[in-house]
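**Student:** File final-v7.csv below, CSV, C-alpha atoms:
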```csv
chain,number,residue,atom,x,y,z
A,55,MET,CA,8.2,16.7,24.0
A,56,GLY,CA,6.8,15.1,20.9
A,57,ARG,CA,3.1,15.2,20.3
A,58,ILE,CA,0.8,13.3,17.9
A,59,VAL,CA,-1.3,16.0,16.3
A,60,ALA,CA,-3.2,14.2,13.6
A,61,GLY,CA,-4.1,10.7,12.4
A,62,ILE,CA,-5.0,10.3,8.7
A,63,GLY,CA,-6.2,7.2,6.9
A,64,SER,CA,-6.0,7.1,3.2
A,65,SER,CA,-6.0,4.7,0.3
A,66,HIS,CA,-2.9,4.5,-1.8
A,67,VAL,CA,-4.3,3.3,-5.1
A,68,PRO,CA,-1.6,4.0,-7.8
A,69,SER,CA,-4.2,5.2,-10.4
A,70,ILE,CA,-4.7,8.2,-8.0
A,71,GLY,CA,-1.1,9.2,-8.5
A,72,ARG,CA,-1.3,8.7,-12.2
A,73,ALA,CA,-4.4,10.9,-12.5
A,74,TYR,CA,-2.7,13.5,-10.3
A,75,ASP,CA,0.4,13.6,-12.5
A,76,GLN,CA,-1.8,13.9,-15.6
A,77,GLY,CA,-3.6,16.9,-14.2
A,78,LYS,CA,-7.0,15.2,-13.8
A,79,ILE,CA,-7.9,16.6,-10.4
A,80,ASP,CA,-10.9,18.4,-11.8
A,81,ASP,CA,-11.8,15.7,-14.3
A,82,PRO,CA,-15.5,14.7,-13.5
A,83,ALA,CA,-14.5,11.0,-12.9
A,84,TRP,CA,-11.8,12.1,-10.4
A,85,LYS,CA,-13.1,15.2,-8.8
A,86,PRO,CA,-15.0,13.4,-6.0
A,87,LEU,CA,-11.8,11.9,-4.9
A,88,PHE,CA,-9.4,14.9,-5.1
A,89,ASP,CA,-11.9,17.3,-3.6
A,90,GLY,CA,-11.9,15.2,-0.5
A,91,TYR,CA,-8.2,16.0,0.1
A,92,LYS,CA,-8.4,19.7,-0.4
A,93,PRO,CA,-9.7,20.7,3.1
A,94,VAL,CA,-7.3,18.3,4.7
A,95,LYS,CA,-4.3,19.7,3.0
A,96,GLN,CA,-5.4,23.2,4.1
A,97,TRP,CA,-6.0,22.0,7.6
A,98,LEU,CA,-2.5,20.5,7.8
A,99,ALA,CA,-0.8,23.6,6.4
A,100,ASN,CA,-2.8,26.2,8.3
A,101,ASP,CA,-3.8,24.6,11.6
A,102,VAL,CA,-2.0,21.4,12.5
A,103,LYS,CA,1.4,22.2,11.0
A,104,PRO,CA,3.1,18.9,11.6
A,105,ASP,CA,6.9,18.8,11.5
A,106,VAL,CA,7.1,15.1,10.8
A,107,ALA,CA,4.8,12.5,9.2
A,108,ILE,CA,5.2,8.9,10.1
A,109,VAL,CA,3.8,7.2,7.1
A,110,VAL,CA,2.7,3.6,7.5
A,111,TYR,CA,2.8,1.9,4.1
A,112,ASN,CA,3.7,-1.3,2.2
A,113,ASP,CA,6.1,-1.8,-0.7
A,114,HIS,CA,4.8,-3.5,-3.8
A,115,GLY,CA,7.6,-5.7,-5.0
A,116,THR,CA,9.6,-2.6,-5.8
A,117,GLU,CA,12.2,-2.0,-3.1
A,118,ILE,CA,11.9,-4.9,-0.8
A,119,PHE,CA,12.2,-8.4,-2.2
A,120,LEU,CA,11.0,-11.7,-0.9
A,121,ASP,CA,14.5,-13.0,-0.2
A,122,LYS,CA,14.5,-11.1,3.1
A,123,TYR,CA,11.0,-9.9,3.9
A,124,PRO,CA,10.5,-7.9,7.2
A,125,THR,CA,7.3,-7.9,9.0
A,126,PHE,CA,7.8,-4.3,10.2
A,127,ALA,CA,10.6,-2.0,9.0
A,128,LEU,CA,11.5,1.6,9.9
A,129,GLY,CA,13.3,4.1,7.9
A,130,VAL,CA,16.3,5.7,9.6
A,131,ALA,CA,17.7,8.0,6.9
A,132,ASP,CA,18.2,11.7,6.0
A,133,ARG,CA,16.6,11.2,2.6
A,134,TYR,CA,14.3,8.8,0.8
A,135,GLU,CA,14.2,8.5,-2.9
A,136,VAL,CA,11.2,8.0,-5.2
A,137,ALA,CA,11.3,4.5,-6.7
A,138,ASP,CA,10.8,3.3,-10.3
A,139,GLU,CA,7.9,0.8,-10.2
A,140,GLY,CA,8.3,-0.2,-13.9
A,141,TYR,CA,7.1,3.0,-15.5
A,142,GLY,CA,10.0,5.3,-14.5
A,143,GLN,CA,10.0,7.7,-11.4
A,144,ARG,CA,7.0,9.9,-10.7
A,145,PRO,CA,7.9,13.7,-10.9
A,146,LEU,CA,8.2,14.2,-7.2
A,147,PRO,CA,11.2,15.3,-5.2
A,148,ALA,CA,13.0,13.0,-2.8
A,149,PHE,CA,11.7,13.2,0.8
A,150,PRO,CA,13.7,14.7,3.8
A,151,GLY,CA,13.9,12.3,6.7
A,152,ASP,CA,14.3,13.0,10.5
A,153,VAL,CA,17.1,10.8,11.6
A,154,ASP,CA,17.0,11.9,15.3
A,155,LEU,CA,13.4,11.0,15.7
A,156,SER,CA,13.8,7.8,13.7
A,157,ILE,CA,16.6,6.7,16.0
A,158,HIS,CA,14.5,7.6,19.0
A,159,LEU,CA,11.6,5.6,17.6
A,160,ALA,CA,13.8,2.6,16.9
A,161,GLU,CA,15.3,2.7,20.4
A,162,SER,CA,11.9,3.2,22.1
A,163,LEU,CA,10.0,0.6,20.0
A,164,VAL,CA,12.6,-2.1,20.3
A,165,ALA,CA,12.8,-1.5,24.1
A,166,ASP,CA,9.0,-1.8,24.0
A,167,GLU,CA,9.4,-5.3,22.4
A,168,PHE,CA,8.6,-4.4,18.7
A,169,ASP,CA,11.6,-5.8,16.9
A,170,LEU,CA,11.8,-3.7,13.8
A,171,THR,CA,14.0,-4.1,10.8
A,172,ILE,CA,16.0,-0.9,10.4
A,173,CYS,CA,16.5,0.5,6.9
A,174,GLN,CA,19.1,3.2,6.1
A,175,GLU,CA,18.1,3.3,2.4
A,176,LEU,CA,14.6,3.0,1.2
A,177,ALA,CA,13.2,4.0,-2.2
A,178,LEU,CA,9.4,4.6,-1.8
A,179,ASP,CA,6.7,3.3,-4.2
A,180,HIS,CA,3.1,4.2,-4.5
A,181,GLY,CA,2.2,2.7,-1.1
A,182,PHE,CA,4.0,5.7,0.4
A,183,LEU,CA,3.8,8.3,-2.5
A,184,THR,CA,0.2,8.4,-3.5
A,185,VAL,CA,-1.2,10.4,-0.6
A,186,MET,CA,1.8,12.7,0.0
A,187,PRO,CA,1.2,15.4,-2.7
A,188,LEU,CA,-2.5,15.4,-1.8
A,189,LEU,CA,-1.6,16.3,1.8
A,190,TRP,CA,1.5,18.4,1.6
A,191,SER,CA,3.1,20.9,-0.8
A,192,TYR,CA,6.4,19.8,-2.3
A,193,GLN,CA,7.6,22.6,-4.6
A,194,PRO,CA,10.5,23.1,-4.4
A,195,THR,CA,10.8,20.8,-1.3
A,196,TRP,CA,8.4,18.8,0.8
A,197,ALA,CA,6.6,20.8,3.6
A,198,VAL,CA,7.1,17.9,6.1
A,199,ARG,CA,9.9,15.5,7.1
A,200,VAL,CA,9.0,11.9,6.8
A,201,ILE,CA,9.6,8.6,8.6
A,202,PRO,CA,8.5,5.5,6.5
A,203,LEU,CA,7.1,2.6,8.5
A,204,PHE,CA,6.8,-0.5,6.3
A,205,VAL,CA,4.4,-3.3,7.1
A,206,ASN,CA,4.2,-6.7,5.4
A,207,VAL,CA,0.7,-6.9,4.0
A,208,ILE,CA,1.6,-9.0,1.0
A,209,GLN,CA,3.1,-12.3,2.0
A,210,HIS,CA,1.2,-14.3,4.7
A,211,PRO,CA,1.7,-14.7,7.6
A,212,LEU,CA,0.9,-11.0,8.1
A,213,PRO,CA,1.1,-9.4,11.5
A,214,THR,CA,-2.3,-9.4,13.2
A,215,GLY,CA,-4.5,-6.4,13.3
A,216,LEU,CA,-4.1,-6.3,17.1
A,217,ARG,CA,-0.3,-6.3,16.8
A,218,CYS,CA,-0.6,-3.3,14.4
A,219,TYR,CA,-2.9,-1.5,16.8
A,220,LYS,CA,-0.5,-2.1,19.7
A,221,LEU,CA,2.4,-0.9,17.5
A,222,GLY,CA,0.5,2.3,17.1
A,223,GLN,CA,0.1,2.6,20.8
A,224,ALA,CA,3.9,2.1,21.2
A,225,ILE,CA,4.5,4.8,18.6
A,226,ARG,CA,2.5,7.2,20.7
A,227,ARG,CA,4.6,6.3,23.8
A,228,ALA,CA,7.7,6.8,21.8
A,229,VAL,CA,6.7,10.2,20.4
A,230,GLU,CA,5.6,11.4,23.8
A,231,SER,CA,9.0,10.4,25.3
A,232,TYR,CA,10.9,12.3,22.7
A,233,PRO,CA,12.6,15.3,24.5
A,234,VAL,CA,12.3,17.7,21.5
A,235,ASP,CA,9.1,19.6,20.8
A,236,VAL,CA,8.0,18.0,17.5
A,237,ARG,CA,4.5,17.8,16.0
A,238,VAL,CA,3.9,14.4,14.5
A,239,ALA,CA,1.2,13.3,12.1
A,240,VAL,CA,0.6,9.5,11.6
A,241,VAL,CA,-0.7,8.4,8.2
A,242,GLY,CA,-2.0,4.9,7.7
A,243,THR,CA,-2.3,4.0,4.1
A,244,GLY,CA,-4.0,1.3,2.0
A,245,GLY,CA,-7.4,-0.2,1.4
A,246,LEU,CA,-10.2,-0.2,1.6
A,247,SER,CA,-11.9,-3.1,-0.1
A,248,HIS,CA,-10.3,-4.4,-3.2
A,249,GLN,CA,-9.2,-7.7,-4.8
A,250,LEU,CA,-6.6,-7.7,-7.5
A,251,ASN,CA,-6.0,-11.5,-7.9
A,252,GLY,CA,-7.8,-14.4,-9.4
A,253,GLU,CA,-11.3,-14.8,-10.8
A,254,ARG,CA,-12.6,-12.6,-8.0
A,255,PHE,CA,-10.6,-9.6,-9.3
A,256,GLY,CA,-12.6,-6.4,-8.9
A,257,HIS,CA,-14.4,-7.5,-5.7
A,258,LEU,CA,-15.6,-4.3,-3.9
A,259,ASN,CA,-17.6,-4.0,-0.7
A,260,PRO,CA,-18.7,-0.4,-0.1
A,261,LYS,CA,-21.0,-1.4,2.8
A,262,TRP,CA,-18.1,-3.0,4.6
A,263,ASP,CA,-15.9,0.0,3.9
A,264,GLU,CA,-18.4,2.5,5.4
A,265,GLU,CA,-18.6,0.2,8.5
A,266,TRP,CA,-14.8,0.2,8.7
A,267,LEU,CA,-14.8,4.0,8.6
A,268,ASP,CA,-17.4,4.2,11.4
A,269,ARG,CA,-15.7,1.6,13.6
A,270,ILE,CA,-12.1,2.7,13.3
A,271,GLU,CA,-13.3,6.0,14.8
A,272,THR,CA,-15.4,4.6,17.7
A,273,ASP,CA,-14.6,0.9,18.1
A,274,ALA,CA,-11.2,0.2,16.6
A,275,GLU,CA,-10.3,-2.6,19.0
A,276,SER,CA,-13.1,-4.8,17.6
A,277,LEU,CA,-11.6,-4.2,14.1
A,278,ALA,CA,-8.2,-5.1,15.3
A,279,CYS,CA,-9.5,-8.5,16.5
A,280,LEU,CA,-10.8,-9.6,13.1
A,281,SER,CA,-8.8,-12.4,11.5
A,282,HIS,CA,-7.1,-11.9,8.1
A,283,ARG,CA,-9.5,-14.5,6.7
A,284,GLU,CA,-12.6,-12.5,7.9
A,285,VAL,CA,-11.2,-9.3,6.4
A,286,MET,CA,-10.2,-10.9,3.1
A,287,GLU,CA,-13.6,-12.6,2.7
A,288,ALA,CA,-15.4,-9.2,3.2
A,289,ALA,CA,-12.9,-6.8,1.7
A,290,GLY,CA,-11.0,-8.8,-0.9
A,291,ALA,CA,-7.6,-10.4,-0.7
A,292,GLU,CA,-5.7,-7.2,-1.1
A,293,GLY,CA,-8.2,-5.4,1.2
A,294,GLY,CA,-6.3,-7.1,4.0
A,295,GLU,CA,-3.9,-4.3,4.0
A,296,VAL,CA,-6.3,-2.2,6.0
A,297,ILE,CA,-4.4,-3.3,9.1
A,298,MET,CA,-2.1,-0.4,8.4
A,299,TRP,CA,-4.8,2.0,9.4
A,300,LEU,CA,-4.9,0.3,12.9
A,301,ILE,CA,-1.3,1.5,13.5
A,302,MET,CA,-2.4,5.1,12.8
A,303,ARG,CA,-5.5,4.6,15.0
A,304,GLY,CA,-3.5,3.1,17.9
A,305,ALA,CA,-1.3,6.2,17.9
A,306,LEU,CA,-4.3,8.4,18.8
A,307,SER,CA,-6.1,8.7,22.1
A,308,PRO,CA,-8.9,6.2,22.7
A,309,SER,CA,-11.5,8.9,22.1
A,310,VAL,CA,-11.0,10.8,18.8
A,311,ARG,CA,-12.7,13.6,16.9
A,312,ARG,CA,-13.2,13.3,13.2
A,313,LEU,CA,-12.6,16.3,10.9
A,314,HIS,CA,-13.0,14.9,7.4
A,315,ARG,CA,-14.2,11.8,5.8
A,316,ASN,CA,-14.5,11.0,2.1
A,317,TYR,CA,-15.3,7.8,0.2
A,318,TYR,CA,-15.4,7.1,-3.5
A,319,ALA,CA,-15.3,3.7,-5.3
A,320,PRO,CA,-15.1,4.3,-9.0
A,321,MET,CA,-13.2,1.3,-10.2
A,322,THR,CA,-11.7,-1.5,-8.2
A,323,THR,CA,-10.9,0.0,-4.8
A,324,GLY,CA,-12.9,1.7,-2.1
A,325,MET,CA,-10.9,4.9,-1.9
A,326,ALA,CA,-11.2,6.4,1.5
A,327,LEU,CA,-9.9,9.4,3.4
A,328,LEU,CA,-10.4,9.8,7.2
A,329,THR,CA,-8.9,12.6,9.3
A,330,LEU,CA,-8.8,12.2,13.1
A,331,HIS,CA,-7.2,13.8,16.1
A,332,ASP,CA,-7.2,13.3,19.9
A,333,ALA,CA,-10.6,14.3,21.4
A,334,GLU,CA,-9.1,15.9,24.6
B,36,MET,CA,-5.4,-30.8,3.6
B,37,ASN,CA,-4.6,-31.4,-0.1
B,38,ARG,CA,-5.5,-27.9,-1.2
B,39,PRO,CA,-3.2,-26.2,-3.7
B,40,PRO,CA,-0.9,-23.5,-2.3
B,41,GLY,CA,-2.8,-20.2,-1.7
B,42,ASP,CA,-6.2,-21.9,-1.6
B,43,TRP,CA,-7.8,-20.8,1.7
B,44,GLY,CA,-11.3,-21.8,0.5
B,45,ILE,CA,-12.1,-18.2,-0.6
B,46,PRO,CA,-13.5,-18.6,-4.1
B,47,GLY,CA,-11.5,-17.1,-7.0
B,48,THR,CA,-8.7,-16.1,-4.6
B,49,TYR,CA,-5.1,-17.1,-4.4
B,50,VAL,CA,-3.8,-16.0,-1.0
B,51,PHE,CA,-0.1,-15.2,-1.3
B,52,ASP,CA,1.1,-17.4,1.6
B,53,LEU,CA,4.5,-18.9,2.0
B,54,ARG,CA,3.7,-22.0,0.0
B,55,LEU,CA,2.5,-20.0,-3.0
B,56,SER,CA,5.4,-17.6,-2.5
B,57,ARG,CA,7.9,-20.5,-2.6
B,58,ARG,CA,6.3,-21.7,-5.9
B,59,GLY,CA,6.5,-18.3,-7.5
B,60,TYR,CA,9.9,-17.2,-6.2
B,61,ALA,CA,11.8,-17.2,-9.5
B,62,LEU,CA,9.0,-15.5,-11.4
B,63,ASN,CA,8.6,-12.8,-8.8
B,64,LYS,CA,12.3,-12.3,-8.7
B,65,MET,CA,12.4,-11.8,-12.4
B,66,CYS,CA,9.5,-9.4,-12.3
B,67,ARG,CA,11.0,-7.4,-9.5
B,68,SER,CA,14.1,-6.9,-11.6
B,69,LEU,CA,12.0,-4.9,-14.1
B,70,THR,CA,12.3,-1.8,-11.9
B,71,SER,CA,15.1,-0.4,-14.0
B,72,SER,CA,14.9,0.7,-17.6
B,73,GLU,CA,18.1,-1.3,-18.5
B,74,ASN,CA,16.5,-4.5,-17.4
B,75,ARG,CA,13.2,-3.7,-19.1
B,76,ASP,CA,15.1,-3.2,-22.3
B,77,ALA,CA,17.0,-6.5,-21.8
B,78,PHE,CA,13.7,-8.3,-21.3
B,79,ILE,CA,12.2,-6.9,-24.4
B,80,ALA,CA,15.3,-7.6,-26.5
B,81,ASP,CA,15.4,-11.3,-25.5
B,82,GLU,CA,12.5,-12.6,-23.4
B,83,GLU,CA,13.6,-16.2,-23.5
B,84,ALA,CA,17.2,-15.5,-22.4
B,85,TYR,CA,15.9,-13.2,-19.6
B,86,MET,CA,13.5,-15.9,-18.3
B,87,ALA,CA,16.3,-18.5,-18.5
B,88,ARG,CA,18.6,-16.2,-16.5
B,89,TYR,CA,16.1,-16.1,-13.6
B,90,GLY,CA,15.4,-19.9,-13.7
B,91,LEU,CA,11.7,-19.9,-14.4
B,92,SER,CA,10.1,-23.3,-14.6
B,93,ASP,CA,8.8,-24.4,-18.0
B,94,GLU,CA,5.2,-23.8,-16.8
B,95,GLN,CA,6.1,-20.3,-15.7
B,96,LYS,CA,7.8,-19.5,-19.0
B,97,GLN,CA,4.8,-20.7,-20.9
B,98,ALA,CA,2.5,-18.5,-18.8
B,99,VAL,CA,4.7,-15.5,-19.5
B,100,ARG,CA,4.8,-16.2,-23.2
B,101,ALA,CA,1.0,-16.6,-23.3
B,102,ARG,CA,0.6,-13.4,-21.1
B,103,ASP,CA,-1.7,-15.7,-19.0
B,104,TRP,CA,-1.9,-13.7,-15.8
B,105,LEU,CA,-4.3,-16.1,-14.1
B,106,GLN,CA,-1.9,-19.0,-14.7
B,107,MET,CA,1.0,-16.9,-13.4
B,108,THR,CA,-1.0,-16.3,-10.3
B,109,LYS,CA,-1.6,-20.0,-9.8
B,110,LEU,CA,2.1,-20.6,-10.3
B,111,GLY,CA,3.0,-18.2,-7.5
B,112,GLY,CA,3.3,-15.0,-9.3
B,113,ASN,CA,2.1,-12.1,-7.2
B,114,LEU,CA,0.2,-9.3,-8.9
B,115,PHE,CA,2.3,-6.5,-7.4
B,116,PHE,CA,5.4,-8.1,-8.8
B,117,PHE,CA,4.0,-9.0,-12.2
B,118,LEU,CA,2.5,-5.6,-12.7
B,119,LYS,CA,6.1,-4.6,-13.5
B,120,LEU,CA,6.1,-7.2,-16.3
B,121,GLY,CA,2.7,-5.8,-17.4
B,122,ALA,CA,4.3,-2.3,-17.4
B,123,THR,CA,7.2,-3.6,-19.5
B,124,LEU,CA,4.8,-5.3,-22.0
B,125,GLY,CA,2.1,-2.5,-22.0
B,126,HIS,CA,-0.5,-4.6,-20.2
B,127,GLY,CA,-2.3,-2.4,-17.6
B,128,LEU,CA,-4.0,-3.6,-14.4
B,129,TYR,CA,-7.5,-3.5,-15.8
B,130,ARG,CA,-6.7,-5.6,-18.8
B,131,ILE,CA,-4.9,-8.1,-16.6
B,132,GLY,CA,-7.9,-8.1,-14.3
B,133,ALA,CA,-10.4,-8.6,-17.1
B,134,GLN,CA,-8.4,-11.6,-18.3
B,135,MET,CA,-8.3,-13.1,-14.8
B,136,ARG,CA,-12.1,-12.8,-14.6
B,137,GLY,CA,-12.5,-14.4,-18.1
B,138,GLU,CA,-14.0,-11.2,-19.5
B,139,THR,CA,-13.1,-8.8,-22.3
B,140,TYR,CA,-11.8,-5.4,-21.2
B,141,ASP,CA,-15.1,-3.8,-22.2
B,142,GLU,CA,-17.1,-6.4,-20.3
B,143,PHE,CA,-15.1,-5.7,-17.2
B,144,MET,CA,-15.3,-2.0,-17.5
B,145,ALA,CA,-19.1,-2.2,-17.8
B,146,THR,CA,-19.1,-3.7,-14.3
B,147,ARG,CA,-17.5,-0.6,-12.7
B,148,ASN,CA,-19.2,2.4,-11.1
B,149,GLU,CA,-17.2,5.0,-12.9
B,150,PRO,CA,-15.1,3.6,-15.7
B,151,GLY,CA,-13.8,7.1,-16.5
B,152,ALA,CA,-11.6,7.0,-13.4
B,153,VAL,CA,-8.7,5.1,-15.0
```
Go ahead and express the file in the form of structure tokens.
**Tutor:**
Amino acid sequence: MGRIVAGIGSSHVPSIGRAYDQGKIDDPAWKPLFDGYKPVKQWLANDVKPDVAIVVYNDHGTEIFLDKYPTFALGVADRYEVADEGYGQRPLPAFPGDVDLSIHLAESLVADEFDLTICQELALDHGFLTVMPLLWSYQPTWAVRVIPLFVNVIQHPLPTGLRCYKLGQAIRRAVESYPVDVRVAVVGTGGLSHQLNGERFGHLNPKWDEEWLDRIETDAESLACLSHREVMEAAGAEGGEVIMWLIMRGALSPSVRRLHRNYYAPMTTGMALLTLHDAE
Amino acid sequence: MNRPPGDWGIPGTYVFDLRLSRRGYALNKMCRSLTSSENRDAFIADEEAYMARYGLSDEQKQAVRARDWLQMTKLGGNLFFFLKLGATLGHGLYRIGAQMRGETYDEFMATRNEPGAV
């Protein structure tokens, strides 16, 4: 049967990808960020060895337009391309999918009353891409198969935090009912605090971010019950995307063990990395 | 409630709700088209024709001509979409942000913890 073997929360700030592509991982301004990922990448490659990563992300006006905007959407494809966000494609290979597990997830989640949009073609932008080369090797091909799970965190009304948490729980049920032995990591991307619109551009709240990292580990349900307004007031308008971490957290057991935690807020976003797994 | 679209009472913040999204639809649709190099070239070659093709309002056209990102935001432009316009024009996120704050780029960078991380 399928098993959830890791839960990872990570920011998906596009400047991280740019710095990575420019070879700045040991640049003094970037080292505190990239050093945080090194033990996690090793842990995944040597100990956890996931076969599949379900990556919870949002698109940024790249692949999915506002003419038809899903609340939740699931990739069901053999292959996912790297998108052009206006600068050309990043130098990363396309991602292999896992259609059989995607179909099982779709069937199980819809039966569980999560009415997902199903996508047989998805080009992936920085919401998905940023964390991937920091967690898995990709030369010549990616060391993990992927299943993208899109969440609307851009156009209100957004799904509630609690809905996201419950979707995570349903993903766990779905994975555990999969008849094939498969090791699944769930990655929740986005956040933490940042605001990129209006006169409040640049709003950061490291204190709130640290509290988020504490509570998502020990008291995630209370975070899931925050309103979007409460989160946006504290964490900035675009900080509202942290609800995607709740899907990752919901997919883990109620009690978790933390392996790694990193936080760095150099510019406009609280860049965080958190690695969890089931406690039992 | 006579608040403008996107005004949830959070200072300096334009929440991208459906009212604001309706207002900005044409502008965001144009910006989204700039995810191909052919379209970016076409925009640069004839900005006015490109804006007309997407049916921008006169106010939106003026905001684009003026590279006035705060005004685009008020007119329903969403940053994630108009970053593609910024990419086409060579205006990066931090320059856009500084302008929205009413600051110069250097003034804005001086407020950051580690301005080297760009």
**Student:** At a cut-off of 7 Å, which residues of chain A touch chain B? Count all atoms listed in the file and give the answer as a list in words.
**Tutor:**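 Every residue of chain A that passes the 7 Å test is in Ser69, Ala83, Trp84, His114, Gly115, Thr116, Asp138, Glu139, Gly140, Tyr141, Ile208, Gln209, His210, Pro211, Leu250, Asn251, Gly252, Glu253, Arg254, Phe255, Glu287, Ala291, Pro320 and Met321 of chain A.
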**Student:** Write out, as an mmCIF file, keeping the file's coordinate frame, the residues just selected, with C-alpha atoms.
**Tutor:**
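For reference, part_34.cif as written:
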```cif
data_model
loop_
_atom_site.group_PDB
_atom_site.id
_atom_site.type_symbol
_atom_site.label_atom_id
_atom_site.label_comp_id
_atom_site.auth_asym_id
_atom_site.auth_seq_id
_atom_site.Cartn_x
_atom_site.Cartn_y
_atom_site.Cartn_z
ATOM 1 C CA SER A 69 -4.200 5.200 -10.400
ATOM 2 C CA ALA A 83 -14.500 11.000 -12.900
ATOM 3 C CA TRP A 84 -11.800 12.100 -10.400
ATOM 4 C CA HIS A 114 4.800 -3.500 -3.800
ATOM 5 C CA GLY A 115 7.600 -5.700 -5.000
ATOM 6 C CA THR A 116 9.600 -2.600 -5.800
ATOM 7 C CA ASP A 138 10.800 3.300 -10.300
ATOM 8 C CA GLU A 139 7.900 0.800 -10.200
ATOM 9 C CA GLY A 140 8.300 -0.200 -13.900
ATOM 10 C CA TYR A 141 7.100 3.000 -15.500
ATOM 11 C CA ILE A 208 1.600 -9.000 1.000
ATOM 12 C CA GLN A 209 3.100 -12.300 2.000
ATOM 13 C CA HIS A 210 1.200 -14.300 4.700
ATOM 14 C CA PRO A 211 1.700 -14.700 7.600
ATOM 15 C CA LEU A 250 -6.600 -7.700 -7.500
ATOM 16 C CA ASN A 251 -6.000 -11.500 -7.900
ATOM 17 C CA GLY A 252 -7.800 -14.400 -9.400
ATOM 18 C CA GLU A 253 -11.300 -14.800 -10.800
ATOM 19 C CA ARG A 254 -12.600 -12.600 -8.000
ATOM 20 C CA PHE A 255 -10.600 -9.600 -9.300
ATOM 21 C CA GLU A 287 -13.600 -12.600 2.700
ATOM 22 C CA ALA A 291 -7.600 -10.400 -0.700
ATOM 23 C CA PRO A 320 -15.100 4.300 -9.000
ATOM 24 C CA MET A 321 -13.200 1.300 -10.200
#
```
**Student:** Go ahead and compute the interatomic distance for CA of Asp105 (chain A) and CA of Pro308 (chain A), in Å to one decimal.
**Tutor:** 23.1 Å
**Student:** For Arg58 (chain B), find every residue with an atom within 9 Å (counting only C-alpha atoms), except residues of its own chain fewer than 6 positions away, and show them as a list in words.
**Tutor:**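 The residues satisfying every condition are Pro40, Lys109, Leu110, Gly111 and Gly112 of chain B.
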**Student:** Which residues are close to Ser309 (chain A), i.e. within 9 Å by all atoms listed in the file, leaving aside same-chain residues fewer than 2 positions away? Reply as a ChimeraX atom specification.
**Tutor:** /A:271-272,306-307,311,331-334
**Student:** Using only C-alpha atoms, which residues sit within 9 Å of His257 (chain A) once same-chain residues fewer than 6 positions away are excluded, as a PyMOL selection string?
**Tutor:** chain A and resi 247-250+289-291+322-323
**Student:** At what distance in Å, to one decimal, does CA of Phe149 (chain A) lie from CA of Asp132 (chain A)?
**Tutor:**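 Computing it gives 8.5 Å between the two atoms.
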**Student:** Between B:Tyr85, B:Glu142, B:Ala61, B:Phe78, which one has atoms that come closest to Asp121 (chain A), using only C-alpha atoms?
**Tutor:**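 Among the listed residues, B:Ala61 lies closest to Asp121 (chain A).
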**Student:** Can you work out the spacing between CA of Leu280 (chain A) and CA of Thr243 (chain A) in Å, to one decimal?
**Tutor:** 18.4 Å
**Student:** In terms of the shortest atom-to-atom distance over all atoms listed in the file, which of A:Val153, A:Ala73, A:Ala278, A:Asp89 is closest to Asn316 (chain A)?
**Tutor:**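 Closest to Asn316 (chain A) of all the choices is A:Asp89.
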